[in-house]
$ cat final-v6.cif   # mmCIF, C-alpha atoms
data_data
#
loop_
_atom_site.label_atom_id
_atom_site.label_comp_id
_atom_site.auth_asym_id
_atom_site.auth_seq_id
_atom_site.Cartn_x
_atom_site.Cartn_y
_atom_site.Cartn_z
CA MET A 1 0.00 0.00 0.00
CA SER A 2 1.44 3.31 -1.05
CA VAL A 3 1.13 6.46 0.99
CA ASP A 4 1.05 10.02 -0.21
CA VAL A 5 4.02 11.24 1.75
CA ALA A 6 5.23 14.34 -0.01
CA SER A 7 3.00 15.70 -2.68
CA GLU A 8 5.17 18.77 -3.31
CA ILE A 9 8.50 17.03 -3.80
CA ASN A 10 9.92 13.93 -5.43
CA LEU A 11 10.85 12.28 -2.16
CA GLN A 12 13.25 9.70 -3.54
CA ASP A 13 15.30 12.43 -5.23
CA GLU A 14 16.09 13.81 -1.78
CA LEU A 15 17.27 10.52 -0.27
CA ILE A 16 20.64 8.77 -0.27
CA VAL A 17 19.10 5.38 0.55
CA ASP A 18 17.32 3.43 -2.18
CA SER A 19 13.55 3.20 -2.44
CA GLU A 20 13.52 -0.34 -1.03
CA ALA A 21 15.24 0.81 2.16
CA ALA A 22 13.03 3.89 2.47
CA ALA A 23 9.96 1.70 2.06
CA ALA A 24 11.12 -0.99 4.49
CA LEU A 25 12.19 1.40 7.21
CA PHE A 26 9.80 4.34 6.91
CA LEU A 27 7.18 4.50 4.22
CA GLU A 28 5.63 1.05 3.94
CA ALA A 29 6.34 -0.29 7.43
CA ARG A 30 3.30 -0.69 9.65
CA THR A 31 2.76 -1.45 13.31
CA ALA A 32 2.07 -5.18 13.34
CA ASN A 33 -0.51 -7.12 15.30
CA SER A 34 0.02 -10.53 13.69
CA TRP A 35 3.06 -12.26 12.18
CA ALA A 36 4.18 -15.23 10.13
CA GLU A 37 4.88 -18.34 12.20
CA GLY A 38 8.43 -19.34 12.98
CA GLU A 39 10.98 -18.62 15.69
CA ILE A 40 13.23 -15.58 15.48
CA PRO A 41 16.80 -16.83 15.71
CA GLU A 42 19.22 -15.40 18.24
CA GLU A 43 21.40 -14.04 15.41
CA THR A 44 18.55 -11.78 14.26
CA LEU A 45 18.17 -10.34 17.75
CA GLU A 46 21.92 -9.72 17.89
CA ALA A 47 21.66 -7.87 14.59
CA VAL A 48 18.77 -5.75 15.90
CA TYR A 49 20.81 -4.79 18.90
CA ALA A 50 23.97 -4.17 16.86
CA LEU A 51 22.09 -1.47 14.95
CA THR A 52 20.10 -0.14 17.92
CA ARG A 53 23.16 0.50 19.99
CA MET A 54 24.56 3.00 17.50
CA ALA A 55 21.85 5.52 18.48
CA PRO A 56 23.17 8.80 19.85
CA THR A 57 22.38 9.47 23.51
CA ALA A 58 23.29 12.36 25.80
CA MET A 59 26.95 11.90 26.76
CA ASN A 60 26.57 8.36 25.31
CA ILE A 61 24.80 7.15 28.47
CA GLN A 62 22.84 4.37 26.67
CA PRO A 63 20.16 3.77 29.32
CA LEU A 64 18.15 1.29 27.19
CA ARG A 65 17.99 -2.32 28.42
CA ILE A 66 16.19 -5.08 26.52
CA THR A 67 14.60 -8.23 27.90
CA TRP A 68 13.88 -10.77 25.16
CA VAL A 69 10.90 -12.79 26.36
CA ARG A 70 11.31 -16.11 24.58
CA SER A 71 10.25 -18.93 26.91
CA PRO A 72 6.54 -19.81 27.12
CA GLU A 73 6.73 -19.55 30.91
CA ALA A 74 8.16 -16.02 30.83
CA ARG A 75 5.71 -15.03 28.11
CA GLU A 76 2.79 -16.03 30.35
CA ARG A 77 4.23 -13.96 33.19
CA LEU A 78 4.51 -10.94 30.88
CA VAL A 79 1.04 -11.30 29.37
CA ALA A 80 -0.50 -11.21 32.83
CA HIS A 81 0.58 -7.56 33.08
CA MET A 82 -0.49 -6.47 29.59
CA ALA A 83 -3.69 -4.51 28.99
CA ASP A 84 -6.54 -6.77 27.87
CA GLY A 85 -6.36 -5.55 24.29
CA ASN A 86 -2.67 -6.44 24.10
CA LYS A 87 -2.75 -9.89 25.72
CA ALA A 88 -3.55 -12.13 22.73
CA LYS A 89 -1.01 -10.65 20.34
CA THR A 90 1.70 -10.54 23.00
CA LEU A 91 1.08 -14.23 23.72
CA THR A 92 1.31 -15.27 20.07
CA ALA A 93 4.08 -12.98 18.75
CA PRO A 94 7.18 -14.92 17.65
CA MET A 95 9.29 -12.70 19.93
CA VAL A 96 8.61 -10.00 22.49
CA ALA A 97 11.05 -7.39 23.76
CA VAL A 98 10.49 -5.51 27.00
CA LEU A 99 12.30 -2.17 26.75
CA SER A 100 13.40 -0.66 30.05
CA TYR A 101 15.63 2.22 31.02
CA ASP A 102 18.24 1.88 33.73
CA THR A 103 18.21 4.88 36.06
CA ASP A 104 21.64 3.74 37.30
CA TRP A 105 23.21 4.57 33.93
CA HIS A 106 25.74 6.81 35.67
CA GLU A 107 27.52 3.77 37.10
CA LEU A 108 28.65 2.80 33.59
CA MET A 109 29.96 6.26 32.68
CA PRO A 110 33.63 5.34 33.23
CA THR A 111 33.11 2.94 30.29
CA THR A 112 30.46 4.69 28.20
CA ALA A 113 31.46 8.31 28.80
CA PRO A 114 35.02 8.51 30.15
CA HIS A 115 35.19 12.15 28.99
CA ALA A 116 32.39 13.01 31.43
CA ALA A 117 33.10 10.55 34.25
CA GLY A 118 33.89 13.44 36.57
CA MET A 119 30.15 14.13 36.66
CA VAL A 120 29.27 10.75 38.18
CA PRO A 121 28.94 12.13 41.76
CA THR A 122 26.65 14.91 40.49
CA PHE A 123 24.36 12.40 38.80
CA ALA A 124 24.54 9.97 41.72
CA ALA A 125 23.13 12.69 43.99
CA ASN A 126 20.22 13.59 41.71
CA ASP A 127 17.67 10.80 41.26
CA ALA A 128 15.18 12.99 39.38
CA LEU A 129 17.77 14.08 36.83
CA ARG A 130 18.88 10.48 36.24
CA GLN A 131 15.26 9.37 35.90
CA GLY A 132 14.45 12.06 33.33
CA MET A 133 17.61 11.59 31.29
CA GLY A 134 17.19 7.83 31.44
CA ALA A 135 13.62 7.93 30.18
CA ASN A 136 14.22 10.52 27.48
CA ASN A 137 17.33 8.96 26.00
CA ALA A 138 15.91 5.42 26.15
CA HIS A 139 12.91 6.61 24.13
CA ILE A 140 15.25 7.96 21.43
CA GLN A 141 16.94 4.55 21.49
CA ALA A 142 13.49 2.93 21.20
CA GLY A 143 12.97 4.81 17.95
CA PHE A 144 16.23 3.31 16.70
CA PHE A 145 15.17 -0.13 18.01
CA ILE A 146 11.97 -0.10 15.95
CA MET A 147 13.93 0.96 12.88
CA ALA A 148 16.62 -1.67 13.56
CA ALA A 149 13.99 -4.41 13.82
CA ARG A 150 12.62 -3.36 10.43
CA ALA A 151 16.15 -3.34 8.95
CA ALA A 152 16.47 -6.94 10.14
CA GLY A 153 13.26 -7.88 8.34
CA LEU A 154 10.98 -7.86 11.37
CA ALA A 155 7.63 -6.14 11.79
CA ALA A 156 7.35 -4.39 15.16
CA GLY A 157 4.29 -3.83 17.30
CA PRO A 158 5.16 -1.33 20.06
CA MET A 159 2.69 -1.16 22.96
CA GLY A 160 2.37 1.20 25.91
CA GLY A 161 -0.66 -0.49 27.46
CA PHE A 162 0.58 -2.53 30.43
CA ASP A 163 1.08 -2.44 34.19
CA ALA A 164 4.66 -1.17 34.34
CA ALA A 165 5.03 -1.83 38.08
CA GLY A 166 3.91 -5.41 37.53
CA ILE A 167 6.41 -5.94 34.71
CA ASP A 168 9.17 -4.41 36.81
CA ALA A 169 8.35 -6.78 39.67
CA GLU A 170 8.53 -9.75 37.27
CA PHE A 171 11.56 -8.84 35.18
CA ASN A 172 13.44 -5.91 36.74
CA GLU A 173 13.49 -6.89 40.41
CA GLY A 174 16.67 -5.96 42.25
CA THR A 175 17.59 -3.37 39.62
CA GLN A 176 16.84 0.29 39.01
CA ARG A 177 15.34 -0.50 35.61
CA LYS A 178 11.89 0.65 34.61
CA ALA A 179 9.89 -0.91 31.78
CA PHE A 180 8.50 1.70 29.36
CA LEU A 181 7.62 -0.08 26.10
CA VAL A 182 6.79 -3.65 25.09
CA VAL A 183 7.45 -4.51 21.45
CA ASN A 184 6.07 -7.57 19.68
CA LEU A 185 8.33 -8.79 16.86
CA GLY A 186 8.06 -11.28 14.03
CA ARG A 187 8.33 -11.78 10.31
CA PRO A 188 5.57 -9.84 8.54
CA ASP A 189 2.53 -11.86 7.48
CA GLY A 190 1.31 -9.18 5.09
CA ILE A 191 -1.94 -8.67 6.99
CA VAL A 192 -2.90 -5.02 7.41
CA ASP A 193 -5.83 -4.77 9.75
CA ARG A 194 -6.72 -1.17 9.07
CA GLU A 195 -5.81 1.82 6.93
CA ARG A 196 -2.85 3.84 8.10
CA LEU A 197 -3.87 6.70 10.34
CA HIS A 198 -3.42 10.29 9.23
CA ARG A 199 0.00 11.86 9.53
CA LEU A 200 0.33 15.59 10.18
CA ASP A 201 1.38 17.62 7.15
CA PHE A 202 4.67 19.50 6.96
CA ASP A 203 2.92 22.82 7.55
CA ALA A 204 0.94 21.48 10.51
CA ALA A 205 3.89 20.05 12.42
CA THR A 206 6.75 22.33 11.39
CA ALA A 207 7.44 26.03 11.06
CA THR A 208 10.39 28.03 9.75
CA VAL A 209 11.77 31.08 11.54
CA MET B 210 35.97 4.23 9.87
CA SER B 211 34.67 0.74 10.48
CA VAL B 212 33.29 -0.37 13.81
CA ASP B 213 33.27 -3.84 15.31
CA VAL B 214 29.54 -4.14 15.74
CA ALA B 215 28.80 -7.82 15.86
CA SER B 216 31.76 -10.08 16.25
CA GLU B 217 29.68 -13.25 16.63
CA ILE B 218 27.44 -12.86 13.58
CA ASN B 219 27.69 -11.75 9.97
CA LEU B 220 25.55 -8.68 10.46
CA GLN B 221 24.76 -8.00 6.81
CA ASP B 222 23.39 -11.54 6.40
CA GLU B 223 20.68 -10.65 8.93
CA LEU B 224 19.57 -7.42 7.23
CA ILE B 225 17.08 -6.72 4.45
CA VAL B 226 18.61 -3.32 3.68
CA ASP B 227 21.87 -3.12 1.76
CA SER B 228 25.20 -2.39 3.39
CA GLU B 229 25.19 1.20 2.12
CA ALA B 230 21.89 1.93 3.87
CA ALA B 231 22.97 0.18 7.05
CA ALA B 232 26.18 2.21 7.05
CA ALA B 233 24.50 5.54 6.30
CA LEU B 234 21.73 5.14 8.85
CA PHE B 235 23.31 3.18 11.68
CA LEU B 236 26.86 1.92 11.48
CA GLU B 237 28.96 4.70 9.99
CA ALA B 238 26.85 7.72 10.93
CA ARG B 239 28.33 9.96 13.58
CA THR B 240 27.06 12.87 15.62
CA ALA B 241 28.34 15.90 13.72
CA ASN B 242 29.88 19.09 15.07
CA SER B 243 30.91 20.62 11.74
CA TRP B 244 29.47 20.46 8.21
CA ALA B 245 30.15 21.26 4.59
CA GLU B 246 29.12 24.78 3.59
CA GLY B 247 25.93 25.35 1.66
CA GLU B 248 22.30 25.95 2.45
CA ILE B 249 19.92 23.05 3.01
CA PRO B 250 17.03 23.46 0.58
CA GLU B 251 13.44 23.42 1.72
CA GLU B 252 12.83 20.23 -0.28
CA THR B 253 15.35 18.37 1.85
CA LEU B 254 13.59 19.44 5.03
CA GLU B 255 10.27 18.32 3.58
CA ALA B 256 11.82 14.93 2.85
CA VAL B 257 13.18 14.65 6.39
CA TYR B 258 9.73 15.35 7.76
CA ALA B 259 8.01 13.03 5.28
CA LEU B 260 10.05 10.14 6.72
CA THR B 261 9.93 11.31 10.34
CA ARG B 262 6.17 11.48 10.44
CA MET B 263 5.82 7.77 9.71
CA ALA B 264 7.10 6.94 13.22
CA PRO B 265 4.66 5.00 15.38
CA THR B 266 3.30 6.86 18.41
CA ALA B 267 0.80 5.85 21.08
CA MET B 268 -2.66 6.09 19.49
CA ASN B 269 -0.92 8.02 16.67
CA ILE B 270 -0.80 11.20 18.77
CA GLN B 271 2.29 12.62 16.97
CA PRO B 272 3.28 15.22 19.60
CA LEU B 273 6.53 16.23 17.83
CA ARG B 274 6.75 19.78 16.48
CA ILE B 275 9.76 21.10 14.57
CA THR B 276 10.98 24.67 14.30
CA TRP B 277 13.48 25.09 11.45
CA VAL B 278 15.75 27.95 12.50
CA ARG B 279 16.95 29.35 9.19
CA SER B 280 17.19 33.14 9.43
CA PRO B 281 20.37 34.66 10.92
CA GLU B 282 18.23 36.74 13.29
CA ALA B 283 16.38 33.70 14.66
CA ARG B 284 19.62 31.75 14.86
CA GLU B 285 21.11 34.44 17.10
CA ARG B 286 18.06 34.31 19.35
CA LEU B 287 18.42 30.53 19.63
CA VAL B 288 22.16 30.55 20.26
CA ALA B 289 21.67 32.90 23.22
CA HIS B 290 19.94 30.02 25.04
CA MET B 291 22.40 27.27 24.12
CA ALA B 292 25.00 26.01 26.59
CA ASP B 293 28.40 27.62 26.00
CA GLY B 294 29.85 24.46 24.47
CA ASN B 295 27.02 24.32 21.92
CA LYS B 296 26.95 27.99 20.85
CA ALA B 297 29.58 28.04 18.10
CA LYS B 298 28.38 24.95 16.24
CA THR B 299 24.72 25.97 16.53
CA LEU B 300 25.61 29.36 15.04
CA THR B 301 27.48 27.88 12.09
CA ALA B 302 25.39 24.80 11.26
CA PRO B 303 23.74 25.04 7.82
CA MET B 304 20.37 24.30 9.46
CA VAL B 305 19.12 23.90 13.01
CA ALA B 306 15.91 22.19 14.11
CA VAL B 307 14.36 22.84 17.51
CA LEU B 308 12.33 19.76 18.47
CA SER B 309 9.42 20.39 20.83
CA TYR B 310 6.50 18.33 22.02
CA ASP B 311 3.00 19.73 22.13
CA THR B 312 1.25 18.83 25.38
CA ASP B 313 -2.04 19.81 23.70
CA TRP B 314 -1.77 16.81 21.34
CA HIS B 315 -5.22 15.64 22.46
CA GLU B 316 -6.85 18.52 20.56
CA LEU B 317 -5.81 16.90 17.27
CA MET B 318 -7.12 13.44 18.15
CA PRO B 319 -10.30 13.77 16.04
CA THR B 320 -7.89 13.93 13.06
CA THR B 321 -4.93 11.83 14.21
CA ALA B 322 -6.77 9.21 16.25
CA PRO B 323 -10.50 9.19 15.39
CA HIS B 324 -10.74 5.64 16.80
CA ALA B 325 -9.80 7.01 20.23
CA ALA B 326 -11.36 10.47 20.08
CA GLY B 327 -13.78 9.49 22.85
CA MET B 328 -10.82 9.77 25.24
CA VAL B 329 -10.22 13.47 24.56
CA PRO B 330 -12.03 14.63 27.73
CA THR B 331 -10.01 12.16 29.82
CA PHE B 332 -6.75 13.51 28.46
CA ALA B 333 -7.93 17.12 28.65
CA ALA B 334 -8.45 16.66 32.39
CA ASN B 335 -5.01 15.15 33.04
CA ASP B 336 -2.10 17.52 32.39
CA ALA B 337 0.51 15.18 33.86
CA LEU B 338 -0.56 12.29 31.64
CA ARG B 339 -0.47 14.49 28.53
CA GLN B 340 2.93 15.84 29.52
CA GLY B 341 4.40 12.36 30.00
CA MET B 342 2.89 10.88 26.86
CA GLY B 343 3.90 13.95 24.88
CA ALA B 344 7.51 13.80 26.01
CA ASN B 345 7.89 10.04 25.63
CA ASN B 346 6.35 9.77 22.19
CA ALA B 347 8.15 12.84 20.87
CA HIS B 348 11.46 11.28 21.91
CA ILE B 349 10.62 8.15 19.89
CA GLN B 350 9.85 10.49 16.98
CA ALA B 351 13.20 12.22 17.60
CA GLY B 352 14.92 8.88 17.03
CA PHE B 353 13.13 8.67 13.70
CA PHE B 354 14.02 12.31 12.94
CA ILE B 355 17.74 11.66 13.34
CA MET B 356 17.46 8.60 11.12
CA ALA B 357 15.37 10.51 8.56
CA ALA B 358 17.97 13.28 8.40
CA ARG B 359 20.64 10.69 7.68
CA ALA B 360 18.45 9.09 5.00
CA ALA B 361 18.28 12.52 3.36
CA GLY B 362 22.06 12.78 3.35
CA LEU B 363 22.41 15.06 6.36
CA ALA B 364 24.65 14.63 9.37
CA ALA B 365 22.84 15.38 12.63
CA GLY B 366 24.19 16.84 15.82
CA PRO B 367 21.56 16.43 18.56
CA MET B 368 22.11 18.52 21.70
CA GLY B 369 20.42 18.58 25.09
CA GLY B 370 22.47 21.40 26.55
CA PHE B 371 20.31 24.53 26.48
CA ASP B 372 17.95 26.67 28.55
CA ALA B 373 14.62 25.08 27.59
CA ALA B 374 12.53 27.78 29.26
CA GLY B 375 14.44 30.42 27.34
CA ILE B 376 13.91 28.65 24.03
CA ASP B 377 10.22 28.19 24.82
CA ALA B 378 9.89 31.92 25.52
CA GLU B 379 11.55 32.71 22.17
CA PHE B 380 9.90 30.16 19.90
CA ASN B 381 6.97 28.48 21.67
CA GLU B 382 5.24 31.47 23.28
CA GLY B 383 1.47 31.24 23.34
CA THR B 384 1.53 27.47 22.83
CA GLN B 385 1.77 24.43 25.09
CA ARG B 386 4.91 23.26 23.30
CA LYS B 387 8.10 22.43 25.15
CA ALA B 388 11.52 22.31 23.51
CA PHE B 389 13.41 19.11 24.34
CA LEU B 390 16.18 18.67 21.74
CA VAL B 391 18.07 20.95 19.38
CA VAL B 392 19.56 19.27 16.32
CA ASN B 393 22.20 20.82 14.09
CA LEU B 394 22.00 19.61 10.49
CA GLY B 395 24.16 19.86 7.38
CA ARG B 396 25.93 17.92 4.68
CA PRO B 397 28.77 15.89 6.22
CA ASP B 398 32.25 17.36 5.89
CA GLY B 399 33.96 14.08 6.73
CA ILE B 400 35.62 15.49 9.83
CA VAL B 401 35.52 13.11 12.79
CA ASP B 402 36.73 14.92 15.86
CA ARG B 403 37.13 11.89 18.10
CA GLU B 404 36.87 8.13 18.16
CA ARG B 405 33.39 6.72 18.56
CA LEU B 406 32.54 6.08 22.20
CA HIS B 407 32.04 2.55 23.48
CA ARG B 408 28.71 0.86 22.85
CA LEU B 409 27.39 -1.68 25.35
CA ASP B 410 27.67 -5.30 24.21
CA PHE B 411 24.65 -7.49 23.53
CA ASP B 412 25.16 -9.35 26.81
CA ALA B 413 25.57 -6.13 28.81
CA ALA B 414 22.40 -4.43 27.58
CA THR B 415 20.08 -7.37 26.87
CA ALA B 416 18.97 -10.56 28.58
CA THR B 417 16.77 -13.47 27.49
CA VAL B 418 14.10 -15.00 29.71
#
$ encode --input "final-v6.cif" --output "structure tokens"
Amino acid sequence: MSVDVASEINLQDELIVDSEAAAALFLEARTANSWAEGEIPEETLEAVYALTRMAPTAMNIQPLRITWVRSPEARERLVAHMADGNKAKTLTAPMVAVLSYDTDWHELMPTTAPHAAGMVPTFAANDALRQGMGANNAHIQAGFFIMAARAAGLAAGPMGGFDAAGIDAEFNEGTQRKAFLVVNLGRPDGIVDRERLHRLDFDAATATV
Amino acid sequence: MSVDVASEINLQDELIVDSEAAAALFLEARTANSWAEGEIPEETLEAVYALTRMAPTAMNIQPLRITWVRSPEARERLVAHMADGNKAKTLTAPMVAVLSYDTDWHELMPTTAPHAAGMVPTFAANDALRQGMGANNAHIQAGFFIMAARAAGLAAGPMGGFDAAGIDAEFNEGTQRKAFLVVNLGRPDGIVDRERLHRLDFDAATATV
């Protein structure tokens, strides 16, 4: 299904990636609610992460943590905390990733941000600042994660409807990690269950000064 | 400069985009602090937005708003609110985008999310919920924005170091929009001013259950 993305310009003329990549990553990709059968091999998940991790973050703090929920037993524990409308698809998706952010990202700064490691005590003393920076930067990384999954041939179904405290109790206990997005993953099955929703036009969402 | 991204797998074998796209979008792209000279045409900005807007957001709320800071006068007003270390590059970048999120995203739901428009009164009554959802979803969109800029041949330099209240007073007055990221943009000049910082390994940032 084609989408009218830029009526005033020839979009492809402005891009340095080919039309297949633009389609797969941006223009034709859809949030998925069903998938082709078949397990997602470990190598594919490694590839998704290898791309995701290149995302820029403030001072390179990389707060995103990923829990791959593969076993049927763990999947049942996760589904119990999903909103009713998300339970069935989360149970049947070939793979599910719980995305969390680690509010203790400052502890890794000697490795991730040696140029800024002198600020570790400042961050250690400011829980609210670490929480905000952790959440914000992990959401930027989540944008990269969705794109990375598509680059690896997966259709992604990100969901915000779940009991985050329940998921944290199940999967993040004993850490300072907070679940913020659950993403179903699998090979596309070609089923589109509704028309794409409206996207804001250039003039509605942007302005030039 | 090549990066050891996936020592255990042949990364390209796992991808459906070609190696040029993977390099341009993820693997070889770097945060930029200097750029080739030359204006960025309007058509390129339209292309960046045409890709950015395809990002998934919760209920399709699309809270991201972009202010393209093109005029020298506006650029000076922006630079006044940037952290000292960001002033020079923000002044000289061929283009600068101020990314804000609109906490009044619920007002557009009849257009962006007609399936969920019945929830408008609920969101209208809950400023904190709108603020959180606006910030989180706009950061996911910011991840797509950085990737979209790269797809359009631009090098991006995202920055969090600025006086957000000052920028809001300059560029978001009379709205419920809040600036959260400033991104310098331009054609790459090939200058890499330092080695890429360490990225967390698969086993450090992910776990399987």
$ resolve_selection --input "final-v6.cif" --expression "the PyMOL selection byres ((chain A) within 6 of (chain B))" --output "ChimeraX atom specification"
/A:5,11,14-17,21,26,44,47,50-51,54,65-70,112,139-140,143-144,151-153,198,205-209
$ atom_distance --input "final-v6.cif" --atom1 "atom CA of A:Gly190" --atom2 "atom CA of A:Glu37"
12.1 Å
$ resolve_selection --input "final-v6.cif" --expression "the PyMOL selection byres ((chain B and resi 340) around 12)" --output "PyMOL selection string"
chain B and resi 272+309-315+332-339+341-347+385-387
$ residues_around --input "final-v6.cif" --residues "B:Ser243" --least-positions-apart "6" --cutoff "7 Å" --atoms "only C-alpha atoms" --output "list in words"
Lys298, Ala302 and Asp398 of chain B
$ resolve_selection --input "final-v6.cif" --expression "the PyMOL selection byres ((chain A and resi 165) around 12)" --output "count of residues only"
19
$ atom_distance --input "final-v6.cif" --atom1 "atom CA of A:Arg77" --atom2 "atom CA of A:Asn184"
15.1 Å
$ atom_distance --input "final-v6.cif" --atom1 "atom CA of A:Thr90" --atom2 "atom CA of B:Met328"
24.0 Å
$ axis_aligned_box --input "final-v6.cif" --around "stretch 409-417 of chain B" --padding-each-side "8 Å" --output "AutoDock Vina command-line options"
--center_x 22.2 --center_y -7.6 --center_z 26.2 --size_x 26.9 --size_y 27.8 --size_z 21.3
